[in-house]
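Engineer: The file below is model15.cif, mmCIF, C-alpha atoms:
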data_query
#
loop_
_atom_site.label_atom_id
_atom_site.label_comp_id
_atom_site.auth_asym_id
_atom_site.auth_seq_id
_atom_site.Cartn_x
_atom_site.Cartn_y
_atom_site.Cartn_z
CA MET A 1 -44.01 121.35 69.89
CA THR A 2 -45.82 123.20 72.68
CA ARG A 3 -48.98 125.31 72.45
CA ILE A 4 -51.64 126.58 74.85
CA TYR A 5 -55.32 125.81 74.23
CA ARG A 6 -58.52 126.88 75.91
CA LEU A 7 -61.05 124.07 76.39
CA ALA A 8 -64.16 124.44 78.54
CA ASP A 9 -62.84 127.72 79.98
CA THR A 10 -59.61 126.04 81.08
CA ASN A 11 -56.20 126.83 79.59
CA ILE A 12 -53.98 123.84 78.90
CA GLU A 13 -50.40 123.78 77.72
CA VAL A 14 -49.91 120.77 75.44
CA SER A 15 -46.42 119.49 74.61
CA SER A 16 -46.40 116.75 72.02
CA LEU A 17 -44.07 114.51 70.07
CA TYR A 18 -45.97 114.99 66.79
CA ASN A 19 -47.67 118.01 65.19
CA ASP A 20 -51.01 116.38 64.30
CA VAL A 21 -52.56 117.11 67.68
CA HIS A 22 -51.81 120.81 67.24
CA THR A 23 -53.45 120.78 63.81
CA LEU A 24 -56.48 119.12 65.42
CA MET A 25 -56.62 121.67 68.24
CA ARG A 26 -55.77 124.81 66.26
CA GLY A 27 -59.25 126.29 66.63
CA TYR A 28 -58.78 126.42 70.42
CA LEU A 29 -55.44 128.29 70.66
CA THR A 30 -55.08 130.90 73.38
CA GLU A 31 -52.36 133.27 74.50
CA SER A 32 -53.47 133.16 78.14
CA ALA A 33 -51.40 131.54 80.88
CA PRO A 34 -52.09 127.80 81.31
CA ASP A 35 -54.07 126.42 84.25
CA PHE A 36 -52.18 123.15 83.82
CA ASP A 37 -49.88 121.45 81.36
CA ILE A 38 -49.57 118.00 79.88
CA GLY A 39 -46.71 116.28 78.10
CA MET A 40 -46.53 113.21 75.91
CA SER A 41 -44.24 110.22 76.06
CA ASP A 42 -43.79 107.09 73.97
CA GLU A 43 -45.55 105.16 76.76
CA ASP A 44 -48.66 107.32 76.37
CA ILE A 45 -48.80 106.53 72.67
CA ILE A 46 -48.16 102.81 73.18
CA PHE A 47 -50.97 102.73 75.75
CA GLU A 48 -53.45 104.22 73.26
CA ARG A 49 -52.25 102.00 70.43
CA GLU A 50 -52.68 98.85 72.52
CA LYS A 51 -56.08 99.98 73.74
CA SER A 52 -57.21 100.71 70.19
CA GLU A 53 -55.85 97.42 68.89
CA ALA A 54 -57.66 95.55 71.64
CA SER A 55 -60.95 97.07 70.46
CA GLY A 56 -60.24 96.34 66.80
CA MET A 57 -59.28 99.94 65.94
CA GLY A 58 -55.57 99.44 65.35
CA GLY A 59 -53.44 100.23 62.34
CA MET A 60 -53.30 103.99 62.76
CA PRO A 61 -50.14 106.14 62.86
CA ASP A 62 -48.61 107.07 66.21
CA SER A 63 -49.49 110.72 65.61
CA TYR A 64 -53.16 109.69 65.70
CA TYR A 65 -52.74 107.75 68.93
CA GLU A 66 -51.10 110.82 70.38
CA THR A 67 -54.29 112.82 69.78
CA LEU A 68 -56.13 110.21 71.87
CA ALA A 69 -53.46 110.36 74.56
CA VAL A 70 -53.75 114.15 74.73
CA LEU A 71 -57.53 113.88 75.11
CA ARG A 72 -57.12 111.28 77.85
CA LYS A 73 -54.62 113.36 79.79
CA ILE A 74 -56.74 116.48 79.50
CA SER A 75 -59.86 114.56 80.56
CA GLU A 76 -58.03 113.20 83.61
CA ARG A 77 -57.35 116.73 84.80
CA MET A 78 -60.52 118.61 83.81
CA PRO A 79 -62.74 117.53 86.75
CA ARG A 80 -60.44 119.47 89.08
CA TYR A 81 -61.31 122.53 86.98
CA GLY A 82 -65.06 121.89 87.14
CA SER A 83 -65.84 120.12 83.86
CA PHE A 84 -65.84 116.60 82.44
CA LEU A 85 -65.69 114.92 79.06
CA PHE A 86 -68.94 113.43 77.85
CA HIS A 87 -69.72 111.03 75.00
CA GLY A 88 -72.62 112.52 73.15
CA SER A 89 -73.86 114.65 70.32
CA ALA A 90 -74.56 118.23 71.42
CA ILE A 91 -76.72 120.46 69.25
CA ALA A 92 -77.71 124.07 69.92
CA VAL A 93 -81.16 125.36 69.00
CA ASP A 94 -82.16 128.97 69.60
CA GLY A 95 -79.27 129.36 72.05
CA GLU A 96 -79.92 126.25 74.15
CA ALA A 97 -78.15 122.90 73.87
CA TYR A 98 -79.63 119.42 73.73
CA ILE A 99 -77.28 116.47 74.17
CA PHE A 100 -78.06 113.01 72.79
CA THR A 101 -76.15 110.17 74.35
CA ALA A 102 -76.00 106.44 73.70
CA ALA A 103 -73.49 103.74 72.96
CA SER A 104 -71.62 104.08 69.68
CA GLY A 105 -73.68 103.04 66.69
CA VAL A 106 -77.13 103.74 68.16
CA GLY A 107 -77.58 106.88 66.09
CA LYS A 108 -76.65 110.02 68.07
CA SER A 109 -75.13 111.76 65.06
CA THR A 110 -77.96 110.65 62.80
CA HIS A 111 -80.55 112.04 65.20
CA ALA A 112 -78.61 115.32 65.46
CA ARG A 113 -78.54 115.51 61.66
CA LEU A 114 -82.33 115.03 61.55
CA TRP A 115 -82.65 117.95 63.96
CA ARG A 116 -80.44 120.14 61.72
CA GLU A 117 -82.52 119.22 58.69
CA TYR A 118 -85.75 119.96 60.55
CA LEU A 119 -84.65 123.15 62.32
CA LYS A 120 -82.32 124.43 59.59
CA ASP A 121 -80.57 127.74 60.49
CA ARG A 122 -81.88 127.66 64.06
CA ALA A 123 -79.60 124.72 64.86
CA PHE A 124 -75.86 124.07 64.83
CA MET A 125 -73.59 121.39 66.24
CA VAL A 126 -71.69 122.27 69.41
CA ASN A 127 -69.88 118.94 69.15
CA ASP A 128 -70.85 115.65 67.54
CA ASP A 129 -68.92 113.24 69.75
CA LYS A 130 -66.95 114.43 72.79
CA PRO A 131 -68.05 117.75 74.26
CA PHE A 132 -67.10 118.96 77.73
CA ILE A 133 -69.84 119.72 80.24
CA ARG A 134 -69.56 122.16 83.13
CA PRO A 135 -72.36 121.88 85.74
CA GLY A 136 -73.26 124.91 87.83
CA ASN A 137 -76.02 127.50 88.07
CA THR A 138 -76.07 127.56 84.29
CA PRO A 139 -74.79 124.18 83.06
CA LEU A 140 -72.75 124.64 79.91
CA VAL A 141 -71.66 122.36 77.10
CA TYR A 142 -68.50 123.19 75.19
CA GLY A 143 -67.17 122.24 71.78
CA SER A 144 -63.91 120.31 71.61
CA PRO A 145 -61.53 119.30 68.81
CA TRP A 146 -62.59 115.66 69.25
CA ASP A 147 -65.79 115.94 67.28
CA GLY A 148 -66.54 112.65 65.55
CA LYS A 149 -66.06 111.33 62.06
CA HIS A 150 -67.98 114.19 60.44
CA ARG A 151 -65.85 116.79 62.25
CA LEU A 152 -68.82 118.77 63.49
CA SER A 153 -68.13 121.21 66.29
CA ARG A 154 -67.66 124.85 67.16
CA ASN A 155 -65.48 126.50 69.75
CA VAL A 156 -68.46 127.77 71.73
CA SER A 157 -70.23 127.22 75.04
CA VAL A 158 -74.01 126.90 75.19
CA PRO A 159 -76.36 126.50 78.19
CA VAL A 160 -77.62 122.92 78.40
CA LYS A 161 -81.39 122.55 78.21
CA ALA A 162 -81.63 118.76 78.27
CA ILE A 163 -79.82 115.46 77.95
CA ALA A 164 -81.60 112.64 76.14
CA LEU A 165 -80.69 108.97 76.45
CA LEU A 166 -81.21 107.69 72.96
CA GLY A 167 -82.57 104.28 72.03
CA ARG A 168 -83.80 102.85 68.76
CA SER A 169 -87.46 102.15 68.21
CA GLU A 170 -89.81 101.83 65.27
CA LYS A 171 -92.14 104.36 66.87
CA ASN A 172 -90.92 107.77 68.04
CA TYR A 173 -91.65 108.76 71.61
CA VAL A 174 -90.09 110.67 74.48
CA GLU A 175 -90.46 110.33 78.24
CA PRO A 176 -89.04 112.61 80.95
CA ILE A 177 -86.91 110.81 83.52
CA SER A 178 -85.24 111.80 86.76
CA ARG A 179 -81.53 112.38 87.14
CA GLY A 180 -81.43 109.24 89.28
CA GLU A 181 -82.86 107.20 86.41
CA ALA A 182 -80.41 108.78 83.99
CA LEU A 183 -77.38 108.43 86.25
CA PRO A 184 -76.13 104.94 85.31
CA VAL A 185 -76.08 105.90 81.63
CA LEU A 186 -74.56 109.32 82.39
CA ILE A 187 -71.74 107.67 84.31
CA ARG A 188 -71.14 105.18 81.51
CA GLN A 189 -70.99 108.00 78.96
CA THR A 190 -68.71 110.22 81.04
CA TYR A 191 -64.94 109.90 81.02
CA ARG A 192 -64.01 107.91 84.11
CA PRO A 193 -60.56 108.99 85.26
CA PHE A 194 -57.85 106.55 86.33
CA ASP A 195 -57.18 108.86 89.26
CA PRO A 196 -59.64 107.96 92.08
CA LYS A 197 -59.74 111.54 93.36
CA ALA A 198 -60.60 112.85 89.88
CA LEU A 199 -63.35 110.21 89.60
CA GLU A 200 -64.75 111.29 92.96
CA ILE A 201 -64.89 114.89 91.71
CA THR A 202 -66.50 113.72 88.46
CA LEU A 203 -69.28 111.95 90.36
CA GLY A 204 -69.90 115.10 92.37
CA LEU A 205 -70.14 117.09 89.14
CA LEU A 206 -72.66 114.60 87.70
CA TYR A 207 -74.82 114.90 90.81
CA ASP A 208 -74.66 118.70 90.39
CA LEU A 209 -75.81 118.56 86.79
CA ASP A 210 -79.17 120.28 86.95
CA VAL A 211 -80.78 119.88 83.52
CA LYS A 212 -83.82 118.05 82.18
CA PHE A 213 -83.38 114.38 81.33
CA TYR A 214 -85.33 112.32 78.83
CA ARG A 215 -85.44 108.86 77.41
CA LEU A 216 -85.81 109.17 73.69
CA TYR A 217 -86.89 106.24 71.55
CA CYS A 218 -86.74 106.93 67.86
CA ASN A 219 -86.27 105.68 64.36
CA MET A 220 -84.12 107.37 61.73
CA GLU A 221 -86.93 109.06 59.82
CA PRO A 222 -87.42 112.86 59.72
CA ASP A 223 -90.45 112.57 62.00
CA ALA A 224 -88.10 111.50 64.83
CA ALA A 225 -86.69 115.03 65.02
CA TYR A 226 -90.15 116.60 64.99
CA VAL A 227 -91.36 114.39 67.84
CA SER A 228 -88.25 114.70 70.02
CA TYR A 229 -87.67 118.41 69.58
CA ASN A 230 -91.26 119.34 70.30
CA ALA A 231 -91.33 117.11 73.38
CA MET A 232 -88.07 118.47 74.77
CA LYS A 233 -88.23 122.18 73.95
CA GLY A 234 -90.56 122.77 76.94
CA MET B 1 -66.01 81.14 112.88
CA LYS B 2 -63.19 83.25 111.50
CA TYR B 3 -64.22 86.03 109.11
CA ARG B 4 -62.04 87.20 106.27
CA ILE B 5 -60.57 90.70 106.50
CA MET B 6 -61.67 92.77 103.56
CA LYS B 7 -61.50 96.27 102.16
CA LEU B 8 -62.78 98.23 99.15
CA LYS B 9 -60.20 98.28 96.37
CA SER B 10 -58.62 101.65 95.66
CA GLY B 11 -59.87 101.56 92.05
CA PHE B 12 -63.48 101.97 93.20
CA ILE B 13 -65.08 105.21 94.31
CA SER B 14 -68.30 105.46 96.26
CA HIS B 15 -70.65 108.40 96.19
CA ILE B 16 -73.18 108.45 99.00
CA THR B 17 -76.16 110.77 99.26
CA ASP B 18 -79.14 110.90 101.66
CA LYS B 19 -81.13 108.63 99.36
CA GLU B 20 -78.70 106.24 97.70
CA ALA B 21 -75.15 105.07 97.26
CA ILE B 22 -73.32 104.27 94.09
CA LEU B 23 -70.02 102.58 93.47
CA VAL B 24 -68.11 103.45 90.31
CA PRO B 25 -64.80 102.02 89.09
CA THR B 26 -61.92 104.10 87.80
CA SER B 27 -60.74 103.36 84.27
CA SER B 28 -58.00 101.15 85.71
CA THR B 29 -60.43 98.39 86.64
CA GLU B 30 -61.89 95.65 84.46
CA PHE B 31 -65.46 96.24 85.61
CA SER B 32 -66.97 99.28 83.89
CA GLY B 33 -70.49 99.35 85.29
CA VAL B 34 -72.14 101.04 88.24
CA VAL B 35 -73.38 99.40 91.44
CA ARG B 36 -76.27 101.22 93.12
CA GLY B 37 -77.88 100.64 96.47
CA ASN B 38 -79.79 102.16 99.36
CA LYS B 39 -78.40 103.88 102.45
CA THR B 40 -77.60 100.51 104.06
CA PHE B 41 -75.42 99.78 101.04
CA GLY B 42 -73.84 103.20 101.53
CA ALA B 43 -73.06 102.38 105.15
CA ILE B 44 -71.43 99.11 104.07
CA LEU B 45 -69.29 100.99 101.53
CA GLU B 46 -68.24 103.47 104.22
CA LEU B 47 -67.18 100.64 106.53
CA LEU B 48 -65.24 98.98 103.72
CA LYS B 49 -63.00 102.00 103.34
CA ASP B 50 -60.97 100.50 106.20
CA ASP B 51 -60.06 96.89 106.92
CA THR B 52 -63.08 95.10 108.31
CA ASP B 53 -64.93 91.79 108.13
CA GLU B 54 -68.48 90.55 107.71
CA GLU B 55 -69.11 90.18 111.42
CA LYS B 56 -67.93 93.70 112.20
CA ILE B 57 -70.05 95.16 109.40
CA ILE B 58 -73.17 93.36 110.67
CA ALA B 59 -72.48 94.53 114.22
CA ALA B 60 -71.90 98.14 113.14
CA LEU B 61 -75.09 98.22 111.08
CA GLY B 62 -77.02 96.61 113.92
CA LYS B 63 -76.14 99.58 116.13
CA ARG B 64 -77.01 102.04 113.40
CA PHE B 65 -80.25 100.66 111.94
CA ASP B 66 -83.35 99.52 113.80
CA ALA B 67 -83.81 96.17 112.06
CA PRO B 68 -83.62 92.46 112.98
CA GLU B 69 -80.05 91.15 112.97
CA GLU B 70 -80.94 88.40 110.49
CA LEU B 71 -82.25 90.94 108.00
CA ILE B 72 -79.12 93.06 108.37
CA ALA B 73 -76.91 90.01 108.02
CA SER B 74 -78.76 89.01 104.87
CA ASP B 75 -78.39 92.53 103.37
CA VAL B 76 -74.70 92.58 104.23
CA ARG B 77 -74.03 89.18 102.66
CA ARG B 78 -75.90 90.16 99.51
CA ALA B 79 -73.97 93.43 99.23
CA LEU B 80 -70.61 91.76 99.85
CA SER B 81 -71.42 89.10 97.31
CA GLU B 82 -72.23 91.74 94.68
CA LEU B 83 -69.10 93.73 95.51
CA ALA B 84 -66.99 90.57 95.22
CA ARG B 85 -68.64 89.76 91.89
CA VAL B 86 -67.54 93.08 90.35
CA GLY B 87 -64.07 92.75 91.83
CA ALA B 88 -64.42 95.69 94.21
CA ILE B 89 -63.15 93.92 97.35
CA GLU B 90 -59.66 92.90 98.30
CA GLU B 91 -59.08 90.35 101.04
#
Output the file's structure as structure tokens, nothing else.

Structural biologist:
Amino acid sequence: MTRIYRLADTNIEVSSLYNDVHTLMRGYLTESAPDFDIGMSDEDIIFEREKSEASGMGGMPDSYYETLAVLRKISERMPRYGSFLFHGSAIAVDGEAYIFTAASGVGKSTHARLWREYLKDRAFMVNDDKPFIRPGNTPLVYGSPWDGKHRLSRNVSVPVKAIALLGRSEKNYVEPISRGEALPVLIRQTYRPFDPKALEITLGLLYDLDVKFYRLYCNMEPDAAYVSYNAMKG
Amino acid sequence: MKYRIMKLKSGFISHITDKEAILVPTSSTEFSGVVRGNKTFGAILELLKDDTDEEKIIAALGKRFDAPEELIASDVRRALSELARVGAIEE
């Protein structure tokens, strides 16, 4: 099956062996001409299965591993079109996006949920796991179909106000940091292509990312959202 | 003394600015961290894009930076040791 999708303002023709990936991506269909195309093979699926099994996440059907393979192939190509895949939880408030990033299990999604509970209708999820980011004069974050276990995302783009490196703490506090201080974490949380040229472009994009950066230490109580939002809203 | 010929592995990408240099691996490498350094480190990474050896790197940096040779040699050895540790050098 072959369909064309628009992710992060880039049109991608996806040819797959199974239909599940098209169900996953259906909210991003476009009729425009593709900027590039990707195809799937058994080797792509085996690669994802072995990688998942190695990290204790095996036992899923091949159609699921194909969705991961599609994401990987898209993410390999996106830097050449000016955007990159990021691991984080992106929430929009009053038209501006805040992205929380940390290793899995630290509480990105939980913190984003606390923001939604605090800010109510003013806030919505752009993407709860793997948004795309496009640096530039107005850095943008985009929703994607790969949106975490709670399936929270919208097919939108929102200007990025800030990126917060999240850490757990009993007490809630926020400190502004420079891009240089944030960079090691940003690199770790960004998709690192296999293709050296694509990685080189990705690093250039990260150095071009002109947003505010914070280190955010918080617990999982409602007050965490109050403290972090009011410190970061500027 | 014979120095070993070495080069930066193709799976590692350096990004060098006026202030700092970083070395990042592609997803094909085992190491998944980031190595950061100053502009001397950046100069070493630049030289390692082609076949070179420790002696040549020290000599090249000696011409470029106004610093005692021993200090440069020490910086170079430390950088090469770190690069070898993360598997970024092929010999």

Engineer: If the cut-off is 7 Å, can you tell me the residues of chain B near chain A, counting only C-alpha atoms? I'd like them as number ranges by chain.

Structural biologist: B: 11, 13, 15, 26-28, 33-34

Engineer: Once the PyMOL selection byres ((chain B and resi 70-85) around 10) has been evaluated on this model, what residues remain selected, and can you format them as an NGL selection string?

Structural biologist: :B and (6 or 8 or 23 or 31 or 35 or 37 or 40-41 or 43-45 or 48 or 54-55 or 57-59 or 61-62 or 65-69 or 86-91)

Engineer: Carefully work through the PyMOL selection byres ((chain A and resi 165-173) around 6) for this structure and note down the residues it includes, as an MDAnalysis selection string.

Structural biologist: chainID A and resid 101:102 164 174 215:219 224

Engineer: Next, the residues of the selection above should be written as a PDB file, in the frame of the given file with C-alpha atoms.

Structural biologist:
ATOM      1  CA  THR A 101     -76.150 110.170  74.350  1.00  0.00           C
ATOM      2  CA  ALA A 102     -76.000 106.440  73.700  1.00  0.00           C
ATOM      3  CA  ALA A 164     -81.600 112.640  76.140  1.00  0.00           C
ATOM      4  CA  VAL A 174     -90.090 110.670  74.480  1.00  0.00           C
ATOM      5  CA  ARG A 215     -85.440 108.860  77.410  1.00  0.00           C
ATOM      6  CA  LEU A 216     -85.810 109.170  73.690  1.00  0.00           C
ATOM      7  CA  TYR A 217     -86.890 106.240  71.550  1.00  0.00           C
ATOM      8  CA  CYS A 218     -86.740 106.930  67.860  1.00  0.00           C
ATOM      9  CA  ASN A 219     -86.270 105.680  64.360  1.00  0.00           C
ATOM     10  CA  ALA A 224     -88.100 111.500  64.830  1.00  0.00           C
TER      11      ALA A 224
END

Engineer: Choose the residue, out of A:Tyr81, A:Phe47, A:Tyr229, A:Tyr18, that has the smallest atom-to-atom separation from Ile99 (chain A); count only C-alpha atoms.

Structural biologist: A:Tyr229

Engineer: Skipping near chain neighbours, those fewer than 3 positions away, what residues fall within 12 Å of Phe124 (chain A) using only C-alpha atoms, listed as a PyMOL selection string?

Structural biologist: chain A and resi 89-98+112-121+127-128+143+152-156+158

Engineer: Would you mind reading off the distance between CA of Ser178 (chain A) and CA of Ser83 (chain A), one decimal, in Å?

Structural biologist: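 Atom-to-atom, CA of Ser178 (chain A) and CA of Ser83 (chain A) are spaced 21.3 Å apart.
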
Engineer: Give me the residues within 10 Å of region 54-62 of chain A as a ChimeraX atom specification, counting all atoms listed in the file and dropping any in the same chain fewer than 5 places off.

Structural biologist: /A:17-18,20,42,45-46,48-49,67-68

Engineer: Each side padded by 5 Å, which centre and which edge lengths in Å (one decimal) define the axis-aligned box around the listed atoms of region 56-64 of chain B? Give them as AutoDock Vina command-line options.

Structural biologist:
--center_x -72.5 --center_y 97.7 --center_z 112.8 --size_x 19.1 --size_y 18.7 --size_z 16.7

Engineer: Could you jot down the CA of Ala8 (chain A) to CA of Pro79 (chain A) separation for me, Å, one decimal place?

Structural biologist: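 Value for the CA of Ala8 (chain A)-CA of Pro79 (chain A) distance: 10.8 Å.
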